[in-house]
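Source file: run.cif; contents: mmCIF, C-alpha atoms and all ligand atoms.
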```cif
data_data
#
loop_
_atom_site.label_atom_id
_atom_site.label_comp_id
_atom_site.auth_asym_id
_atom_site.auth_seq_id
_atom_site.Cartn_x
_atom_site.Cartn_y
_atom_site.Cartn_z
CA MET A 476 140.81 102.03 78.84
CA ARG A 477 140.95 100.05 82.09
CA HIS A 478 137.89 97.95 82.83
CA LYS A 479 136.62 97.35 86.35
CA TYR A 480 136.04 93.73 85.29
CA LEU A 481 137.99 91.75 82.77
CA PRO A 482 135.51 91.53 79.85
CA SER A 483 133.58 88.25 79.89
CA PHE A 484 132.24 88.90 76.38
CA VAL A 485 133.51 89.62 72.91
CA LYS A 486 132.06 93.03 72.13
CA ARG A 487 131.09 92.63 68.53
CA ARG A 488 128.52 94.12 66.24
CA GLY A 489 128.24 90.77 64.50
CA ARG A 490 126.00 90.59 61.49
CA ILE A 491 123.43 93.16 62.39
CA THR A 492 120.45 93.54 60.07
CA SER A 493 119.12 96.95 59.10
CA SER A 494 115.90 96.28 61.02
CA GLN A 495 117.85 95.34 64.17
CA GLU A 496 119.90 98.50 63.69
CA GLY A 497 116.69 100.54 63.33
CA ASN A 498 115.28 98.96 66.50
CA LEU A 499 118.34 100.15 68.43
CA ASP A 500 117.11 103.73 67.87
CA HIS A 501 114.34 102.88 70.38
CA LEU A 502 116.65 101.39 73.00
CA ALA A 503 116.46 104.41 75.32
CA SER A 504 112.70 103.85 75.83
CA TYR A 505 113.28 100.29 77.08
CA GLU A 506 116.66 100.62 78.77
CA ILE A 507 117.42 100.35 82.44
CA ASN A 508 120.88 100.90 83.83
CA LYS A 509 120.51 101.89 87.49
CA TYR A 510 119.17 100.44 90.72
CA SER A 511 116.80 103.41 91.10
CA GLN A 512 115.29 102.66 87.66
CA ILE A 513 114.64 99.04 88.64
CA ILE A 514 112.88 100.20 91.83
CA GLN A 515 110.70 102.49 89.75
CA ALA A 516 109.96 99.89 87.06
CA LYS A 517 109.14 96.99 89.39
CA GLN A 518 106.20 98.75 91.03
CA ASP A 519 103.66 97.19 88.65
CA PHE A 520 105.02 93.65 88.97
CA SER A 521 105.09 90.96 91.65
CA ARG A 522 108.50 89.51 90.67
CA VAL A 523 111.73 90.75 89.08
CA VAL A 524 113.96 88.32 87.17
CA LEU A 525 117.36 89.13 85.69
CA GLU A 526 118.60 87.21 82.64
CA ILE A 527 122.28 87.76 81.92
CA GLY A 528 123.55 87.35 78.33
CA PHE A 529 120.17 86.75 76.68
CA GLY A 530 121.71 86.31 73.21
CA ASN A 531 118.75 86.58 70.84
CA GLY A 532 116.26 86.65 73.71
CA GLU A 533 114.37 83.38 73.07
CA ASN A 534 114.26 82.42 76.76
CA THR A 535 113.42 85.94 78.00
CA LEU A 536 110.59 86.22 75.49
CA ALA A 537 109.09 82.86 76.39
CA LEU A 538 109.26 83.58 80.13
CA SER A 539 107.78 87.06 79.70
CA ARG A 540 104.79 85.58 77.86
CA GLU A 541 104.26 82.82 80.44
CA ASN A 542 104.57 85.19 83.41
CA PRO A 543 103.00 88.57 82.70
CA GLU A 544 103.12 89.42 86.42
CA SER A 545 106.95 89.26 86.35
CA LEU A 546 109.31 91.95 85.13
CA TYR A 547 112.30 90.63 83.16
CA ILE A 548 115.51 92.64 83.13
CA ALA A 549 117.31 91.36 80.06
CA SER A 550 121.07 91.89 79.93
CA GLU A 551 123.23 91.70 76.80
CA VAL A 552 126.11 93.59 75.22
CA TYR A 553 125.69 92.07 71.75
CA LEU A 554 124.01 94.75 69.64
CA ALA A 555 122.39 92.42 67.08
CA GLY A 556 120.74 90.50 69.96
CA ILE A 557 119.56 93.71 71.63
CA GLY A 558 118.14 94.88 68.28
CA ALA A 559 116.38 91.53 67.77
CA LEU A 560 114.79 91.53 71.23
CA LEU A 561 113.77 95.18 70.89
CA GLY A 562 112.01 94.30 67.63
CA GLU A 563 109.96 91.62 69.43
CA ILE A 564 109.17 93.93 72.34
CA ILE A 565 107.98 96.71 70.04
CA SER A 566 106.02 94.64 67.54
CA ASN A 567 104.31 92.53 70.22
CA GLU A 568 103.80 95.47 72.63
CA ILE A 569 105.50 93.52 75.42
CA ASN A 570 105.44 95.53 78.63
CA ASN A 571 107.37 93.27 81.01
CA ILE A 572 110.88 93.25 79.49
CA LEU A 573 113.45 96.00 80.01
CA ILE A 574 116.96 95.85 78.58
CA THR A 575 120.29 96.62 80.16
CA SER A 576 123.05 96.96 77.60
CA GLY A 577 126.39 97.26 79.39
CA ASP A 578 128.53 94.78 81.31
CA ILE A 579 125.94 93.46 83.77
CA ARG A 580 128.47 93.37 86.59
CA LEU A 581 128.49 97.18 86.66
CA LEU A 582 124.71 97.22 87.27
CA ILE A 583 124.98 94.44 89.85
CA ASP A 584 127.58 96.57 91.63
CA ASP A 585 125.08 99.43 91.70
CA VAL A 586 122.31 97.21 93.11
CA LYS A 587 123.88 95.45 96.13
CA LYS A 588 120.44 94.92 97.72
CA PRO A 589 118.04 91.97 97.38
CA ILE A 590 115.85 92.96 94.47
CA PHE A 591 115.90 89.98 92.08
CA ASP A 592 113.57 87.05 92.66
CA ASP A 593 115.70 84.97 90.33
CA VAL A 594 118.80 85.36 88.13
CA ILE A 595 119.37 83.30 84.96
CA VAL A 596 122.61 82.78 83.02
CA ILE A 597 122.28 80.41 80.05
CA CYS A 598 125.40 79.31 78.16
CA PRO A 599 127.74 82.14 79.14
CA ASP A 600 130.77 82.61 76.84
CA PRO A 601 132.88 79.48 77.46
CA TRP A 602 136.33 80.97 76.72
CA PRO A 603 137.77 77.56 75.76
CA LYS A 604 141.48 78.46 75.75
CA LEU A 605 143.18 77.97 79.10
CA LYS A 606 144.75 81.44 78.97
CA HIS A 607 141.22 82.92 78.67
CA HIS A 608 139.60 80.99 81.53
CA LYS A 609 140.03 84.05 83.73
CA ARG A 610 137.38 85.75 81.55
CA ARG A 611 134.71 83.21 82.42
CA MET A 612 131.81 84.81 84.23
CA LEU A 613 130.69 81.97 86.48
CA THR A 614 133.24 82.08 89.25
CA ASN A 615 133.06 82.38 93.01
CA GLU A 616 133.83 86.08 92.56
CA PHE A 617 130.64 86.41 90.50
CA PHE A 618 128.64 84.42 93.09
CA LYS A 619 129.83 86.87 95.78
CA LEU A 620 128.84 89.82 93.59
CA ILE A 621 125.36 88.55 92.73
CA HIS A 622 124.49 87.06 96.15
CA PRO A 623 123.35 90.30 97.85
CA THR A 624 121.09 91.19 94.89
CA ILE A 625 118.98 88.00 95.11
CA LYS A 626 116.09 87.74 97.55
CA ASP A 627 116.18 84.97 100.19
CA GLY A 628 114.83 81.81 98.57
CA GLY A 629 115.52 83.20 95.09
CA GLU A 630 117.20 81.07 92.45
CA LEU A 631 120.45 81.55 90.57
CA PHE A 632 120.01 79.31 87.52
CA MET A 633 122.99 78.67 85.26
CA SER A 634 123.76 76.30 82.45
CA THR A 635 126.57 75.57 80.06
CA ASP A 636 126.99 73.31 77.06
CA VAL A 637 130.75 72.97 77.61
CA LYS A 638 131.91 70.06 79.80
CA ASP A 639 135.12 71.73 80.89
CA TYR A 640 133.22 74.88 81.94
CA ALA A 641 130.68 72.70 83.80
CA GLU A 642 133.53 71.14 85.81
CA SER A 643 134.88 74.57 86.63
CA ILE A 644 131.40 75.79 87.71
CA GLU A 645 131.17 72.75 90.04
CA ASP A 646 134.50 73.73 91.61
CA GLN A 647 133.49 77.36 91.98
CA ILE A 648 130.13 76.43 93.54
CA SER A 649 131.97 74.35 96.13
CA LEU A 650 133.87 77.51 97.14
CA SER A 651 130.75 79.68 97.30
CA GLU A 652 128.85 80.66 100.43
CA GLY A 653 125.25 81.63 101.07
CA PHE A 654 123.66 79.34 98.47
CA SER A 655 122.29 75.82 98.64
CA ARG A 656 122.04 73.45 95.70
CA THR A 657 118.70 72.22 94.35
CA ASP A 658 117.73 69.91 91.50
CA LYS A 659 114.27 71.45 91.25
CA SER A 660 114.80 74.50 89.08
CA ARG A 661 112.08 76.79 87.81
CA TYR A 662 114.09 77.22 84.59
CA GLU A 663 115.54 73.92 83.44
CA THR A 664 112.65 73.27 81.07
CA SER A 665 112.20 76.78 79.70
CA ALA A 666 112.51 77.64 75.99
CA LEU A 667 115.72 76.55 74.29
CA THR A 668 118.13 79.29 73.31
CA LYS A 669 120.26 79.40 70.17
CA PHE A 670 123.31 78.01 71.98
CA GLN A 671 121.33 75.27 73.71
CA ARG A 672 119.69 74.24 70.41
CA ARG A 673 123.08 74.13 68.71
CA ALA A 674 124.57 72.00 71.49
CA LEU A 675 121.72 69.49 71.37
CA HIS A 676 121.87 69.40 67.57
CA GLU A 677 125.59 68.59 67.77
CA GLY A 678 124.92 65.85 70.33
CA ARG A 679 126.38 67.78 73.26
CA LYS A 680 124.89 67.79 76.73
CA ILE A 681 123.63 70.83 78.61
CA TYR A 682 124.77 71.04 82.24
CA PRO A 683 122.33 72.90 84.50
CA PHE A 684 123.13 74.32 87.95
CA SER A 685 120.60 75.73 90.31
CA LEU A 686 121.44 77.52 93.53
CA ILE A 687 118.98 78.87 96.07
CA LYS A 688 119.99 81.89 98.10
CA SER A 689 119.91 81.11 101.80
C1 LIG A 701 127.47 82.24 74.36
S1 LIG A 701 126.32 83.54 74.34
C2 LIG A 701 124.79 82.73 74.86
C3 LIG A 701 123.58 83.56 74.56
C4 LIG A 701 122.25 82.93 74.98
N1 LIG A 701 122.13 82.89 76.42
C5 LIG A 701 122.08 81.57 74.39
O1 LIG A 701 122.13 80.58 75.15
O2 LIG A 701 121.86 81.49 73.17
C6 LIG A 701 126.74 84.45 75.81
C7 LIG A 701 126.21 85.86 75.78
O3 LIG A 701 126.49 86.49 77.02
C8 LIG A 701 126.79 87.85 76.76
N2 LIG A 701 127.61 88.35 77.88
C9 LIG A 701 128.82 87.90 78.23
N3 LIG A 701 129.31 88.61 79.26
C10 LIG A 701 128.36 89.53 79.57
C11 LIG A 701 128.28 90.55 80.54
N4 LIG A 701 129.30 90.77 81.40
N5 LIG A 701 127.17 91.31 80.61
C12 LIG A 701 126.16 91.08 79.71
N6 LIG A 701 126.16 90.12 78.77
C13 LIG A 701 127.26 89.35 78.69
C14 LIG A 701 127.54 87.82 75.43
O4 LIG A 701 127.46 89.04 74.73
C15 LIG A 701 126.85 86.70 74.68
O5 LIG A 701 125.85 87.14 73.80
#
```
As structure tokens, what does this structure read like?
Ligand SMILES: C[S@@+](CC[C@H](N)C(=O)[O-])C[C@H]1O[C@@H](n2cnc3c(N)ncnc32)[C@H](O)[C@@H]1O
Amino acid sequence: MRHKYLPSFVKRRGRITSSQEGNLDHLASYEINKYSQIIQAKQDFSRVVLEIGFGNGENTLALSRENPESLYIASEVYLAGIGALLGEIISNEINNILITSGDIRLLIDDVKKPIFDDVIVICPDPWPKLKHHKRRMLTNEFFKLIHPTIKDGGELFMSTDVKDYAESIEDQISLSEGFSRTDKSRYETSALTKFQRRALHEGRKIYPFSLIKS
């Protein structure tokens, strides 16, 4: 099958537990996959934030608790992670997280209008081999795609724990248009994710990037 975008993820079931698998049966009640559904869902909230590649959802969960007035659209393709976040949503009766389960770039393509107050991408897949660098998500092509979906003054927050990817993100930012750089992010100090914790534990640095849509 031909993909519109070269996959930026490894679509894997991973080690999925039976409870995560059971939670996936409820996905349809919390899933959002179209612009029109976001419009409908955001009515009860003052802000809408997209987190791309939430992994196990630690950051999304923490933000949703701190900011009950914000709606979090949580994007992931990794089924064990989706099952884990669904379990938290259901057991804690969280009403401000919705999940989108496909390649996020297909939803972004459907949106095209400024609807997100902020967009967060924490530790996207680094694709370390040179021949796979073309699969990296954080490129100028991605900045062009996401730009129209962010409100003026909204933040695109990104981070990586891989030095080589950080250098590439710097290069791609320098090619981008319609964003300005800031060192005052709303997200740099939010809850650590699995990949961030692992990097810090192994003595590696996390490289944050924050762009404001202008
Ligand atoms: C390296 S993991 C990091 C997960 C989490 N943010 C963390 O820091 O622990 C990157 C995640 O992004 C997801 N991902 C990659 N490309 C994606 C895409 N196009 N749409 C949605 N999720 C994607 C992957 O499935 C993977 O779980």
Please report as a Markdown table every residue of chain A lying within 7 Å of ligand LIG 701 (chain A), along with the nearest atom pair and their distance in Å (one decimal), using all atoms listed in the file.
```
| residue | atom | partner | partner_atom | distance |
| --- | --- | --- | --- | --- |
| A:Pro482 | CA | A:LIG701 | N4 | 6.4 |
| A:Ser483 | CA | A:LIG701 | N3 | 4.3 |
| A:Phe484 | CA | A:LIG701 | C9 | 4.0 |
| A:Val485 | CA | A:LIG701 | O4 | 6.3 |
| A:Lys486 | CA | A:LIG701 | O4 | 6.6 |
| A:Ile527 | CA | A:LIG701 | N6 | 5.5 |
| A:Gly528 | CA | A:LIG701 | O3 | 3.3 |
| A:Phe529 | CA | A:LIG701 | N1 | 4.3 |
| A:Gly530 | CA | A:LIG701 | C3 | 3.6 |
| A:Asn531 | CA | A:LIG701 | O2 | 6.4 |
| A:Ser550 | CA | A:LIG701 | C12 | 5.2 |
| A:Glu551 | CA | A:LIG701 | N6 | 3.9 |
| A:Val552 | CA | A:LIG701 | O4 | 4.8 |
| A:Tyr553 | CA | A:LIG701 | O4 | 4.6 |
| A:Ser576 | CA | A:LIG701 | C12 | 7.0 |
| A:Gly577 | CA | A:LIG701 | N5 | 6.1 |
| A:Asp578 | CA | A:LIG701 | N5 | 3.8 |
| A:Ile579 | CA | A:LIG701 | N5 | 4.0 |
| A:Arg580 | CA | A:LIG701 | N4 | 5.9 |
| A:Val596 | CA | A:LIG701 | N1 | 6.6 |
| A:Ile597 | CA | A:LIG701 | N1 | 4.4 |
| A:Cys598 | CA | A:LIG701 | O1 | 4.6 |
| A:Pro599 | CA | A:LIG701 | C6 | 4.2 |
| A:Asp600 | CA | A:LIG701 | C1 | 4.1 |
| A:Pro601 | CA | A:LIG701 | C1 | 6.8 |
| A:Met612 | CA | A:LIG701 | N3 | 6.7 |
| A:Thr668 | CA | A:LIG701 | O2 | 4.3 |
| A:Lys669 | CA | A:LIG701 | O2 | 4.0 |
| A:Phe670 | CA | A:LIG701 | O2 | 4.0 |
| A:Gln671 | CA | A:LIG701 | O1 | 5.6 |
```
query: Quick one: residues within 8 Å of Leu686 of chain A, all atoms listed in the file counted, chain neighbours fewer than 5 positions away excluded, as number ranges by chain?
result: A: 630-632, 654-657
Residue neighbourhood Lys517 of chain A, 7 Å, only C-alpha atoms, exclusion window fewer than 4 positions, as number ranges by chain: A: 513, 523, 546
- request: For Leu502 of chain A, list every protein, DNA or RNA residue within 12 Å, evaluated using all atoms listed in the file, and leave out those in the same chain fewer than 6 positions away; present the list as a PyMOL selection string.
  value: chain A and resi 495-496+508+554+557-562+564-565+572-576
- request: Return the single residue from A:Glu663, A:Asp627, A:Asp646, A:Asp636 that is closest to Thr614 of chain A, with distances computed using only C-alpha atoms.
  value: A:Asp646
query: Using all atoms listed in the file, which of the listed residues (A:Ser651, A:Ser685, A:Asn567, A:Ser521) sits closest to Ser545 of chain A?
result: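 Closest to Ser545 of chain A of all the choices is A:Ser521.
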Nearest to Lys626 of chain A, chosen from A:Phe591, A:Tyr510, A:Trp602, A:Tyr640, with only C-alpha atoms counted in the distances: A:Phe591
message: I need the residue nearest Glu568 of chain A from this list: A:Thr635, A:Ser539, A:Ser665, A:Asn534. Use only C-alpha atoms for the distance.
response: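 Among the listed residues, the smallest separation from Glu568 of chain A belongs to A:Ser539.
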- prompt: Could you state the separation of atom CA of Glu533 of chain A and atom CA of Ser504 of chain A in Å, given to one decimal place?
  reply: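 Atom-to-atom, atom CA of Glu533 of chain A to atom CA of Ser504 of chain A, that is 20.7 Å.
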Please provide the set of residues having any atom within 8 Å of Leu613 of chain A, restricted to all atoms listed in the file, with same-chain residues fewer than 4 positions apart removed, written as a PDB file with C-alpha atoms, in the frame of the given file.
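Below is the file selection-v3.pdb, written as the result:
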```pdb
ATOM      1  CA  PRO A 599     127.740  82.140  79.140  1.00  0.00           C
ATOM      2  CA  PHE A 617     130.640  86.410  90.500  1.00  0.00           C
ATOM      3  CA  PHE A 618     128.640  84.420  93.090  1.00  0.00           C
ATOM      4  CA  ILE A 644     131.400  75.790  87.710  1.00  0.00           C
ATOM      5  CA  GLN A 647     133.490  77.360  91.980  1.00  0.00           C
TER       6      GLN A 647
END
```
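Here the question is which of A:Leu499, A:Ala555, A:Ala516, A:Val524 gets nearest to Asn542 of chain A using only C-alpha atoms, and that residue is A:Val524.
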query: In Å, with one decimal, what is the gap from atom CA of Pro543 of chain A to atom CA of Ile491 of chain A?
result: 29.2 Å
task: Work out how far apart atom CA of Gln515 of chain A and atom CA of Glu563 of chain A are and give it in Å to one decimal.
output: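 Separation of atom CA of Gln515 of chain A and atom CA of Glu563 of chain A: 23.1 Å.
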Counting all atoms listed in the file, the option among A:Met633, A:Ala503, A:Ala666, A:Arg540 closest to Glu526 of chain A: A:Met633
message: Which residues are near Thr624 of chain A? Cut-off 6 Å, all atoms listed in the file, ignore same chain within fewer than 5 positions. Put them as a VMD selection string.
response: chain A and resid 587 to 590
Take the structure in the block and write a file for segment 522-552 of chain A, N, CA and C atoms, as a tab-separated table (two decimals), in the first residue's frame.
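The result, stored in decode21.tsv:
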```tsv
chain	number	residue	atom	x	y	z
A	522	ARG	N	-9.15	26.09	25.47
A	522	ARG	CA	-7.95	25.89	24.65
A	522	ARG	C	-7.93	24.46	24.11
A	523	VAL	N	-7.27	24.29	22.96
A	523	VAL	CA	-7.09	22.95	22.39
A	523	VAL	C	-5.61	22.73	22.13
A	524	VAL	N	-5.06	21.66	22.70
A	524	VAL	CA	-3.63	21.37	22.56
A	524	VAL	C	-3.47	19.98	21.94
A	525	LEU	N	-2.62	19.90	20.92
A	525	LEU	CA	-2.33	18.61	20.28
A	525	LEU	C	-1.00	18.09	20.77
A	526	GLU	N	-0.96	16.85	21.26
A	526	GLU	CA	0.34	16.22	21.55
A	526	GLU	C	0.53	15.06	20.59
A	527	ILE	N	1.62	15.12	19.84
A	527	ILE	CA	1.89	14.12	18.80
A	527	ILE	C	2.87	13.07	19.34
A	528	GLY	N	2.50	11.80	19.24
A	528	GLY	CA	3.38	10.71	19.69
A	528	GLY	C	3.49	10.70	21.21
A	529	PHE	N	2.34	10.52	21.88
A	529	PHE	CA	2.34	10.66	23.35
A	529	PHE	C	2.98	9.47	24.06
A	530	GLY	N	3.30	8.40	23.35
A	530	GLY	CA	3.97	7.25	23.99
A	530	GLY	C	3.05	6.58	24.98
A	531	ASN	N	3.39	6.68	26.27
A	531	ASN	CA	2.51	6.13	27.31
A	531	ASN	C	1.60	7.18	27.91
A	532	GLY	N	1.73	8.42	27.47
A	532	GLY	CA	0.76	9.46	27.85
A	532	GLY	C	1.08	10.20	29.13
A	533	GLU	N	2.31	10.06	29.67
A	533	GLU	CA	2.62	10.71	30.96
A	533	GLU	C	2.42	12.23	30.89
A	534	ASN	N	2.95	12.83	29.81
A	534	ASN	CA	2.87	14.29	29.69
A	534	ASN	C	1.43	14.75	29.47
A	535	THR	N	0.71	14.04	28.59
A	535	THR	CA	-0.69	14.42	28.31
A	535	THR	C	-1.51	14.36	29.60
A	536	LEU	N	-1.31	13.29	30.36
A	536	LEU	CA	-2.08	13.12	31.60
A	536	LEU	C	-1.80	14.25	32.58
A	537	ALA	N	-0.51	14.56	32.75
A	537	ALA	CA	-0.15	15.61	33.71
A	537	ALA	C	-0.75	16.94	33.27
A	538	LEU	N	-0.63	17.27	31.98
A	538	LEU	CA	-1.17	18.54	31.50
A	538	LEU	C	-2.68	18.59	31.65
A	539	SER	N	-3.34	17.46	31.38
A	539	SER	CA	-4.81	17.46	31.44
A	539	SER	C	-5.29	17.69	32.87
A	540	ARG	N	-4.50	17.21	33.83
A	540	ARG	CA	-4.89	17.42	35.25
A	540	ARG	C	-4.65	18.86	35.65
A	541	GLU	N	-3.53	19.43	35.17
A	541	GLU	CA	-3.19	20.81	35.56
A	541	GLU	C	-4.11	21.83	34.89
A	542	ASN	N	-4.66	21.47	33.74
A	542	ASN	CA	-5.41	22.45	32.93
A	542	ASN	C	-6.77	21.90	32.52
A	543	PRO	N	-7.70	21.79	33.46
A	543	PRO	CA	-8.99	21.19	33.11
A	543	PRO	C	-9.79	21.98	32.08
A	544	GLU	N	-9.41	23.26	31.88
A	544	GLU	CA	-10.13	24.08	30.89
A	544	GLU	C	-9.63	23.82	29.48
A	545	SER	N	-8.54	23.04	29.35
A	545	SER	CA	-7.98	22.75	28.02
A	545	SER	C	-8.37	21.35	27.56
A	546	LEU	N	-8.60	21.24	26.26
A	546	LEU	CA	-8.85	19.92	25.66
A	546	LEU	C	-7.53	19.44	25.05
A	547	TYR	N	-7.14	18.22	25.36
A	547	TYR	CA	-5.91	17.64	24.81
A	547	TYR	C	-6.27	16.60	23.77
A	548	ILE	N	-5.77	16.79	22.56
A	548	ILE	CA	-5.92	15.80	21.50
A	548	ILE	C	-4.60	15.03	21.51
A	549	ALA	N	-4.69	13.76	21.86
A	549	ALA	CA	-3.49	12.96	22.09
A	549	ALA	C	-3.32	11.99	20.92
A	550	SER	N	-2.18	12.13	20.22
A	550	SER	CA	-1.95	11.36	19.00
A	550	SER	C	-0.89	10.28	19.21
A	551	GLU	N	-1.21	9.06	18.79
A	551	GLU	CA	-0.25	7.96	18.88
A	551	GLU	C	-0.71	6.86	17.92
A	552	VAL	N	0.25	6.07	17.44
A	552	VAL	CA	-0.12	4.91	16.62
A	552	VAL	C	0.19	3.60	17.36
```
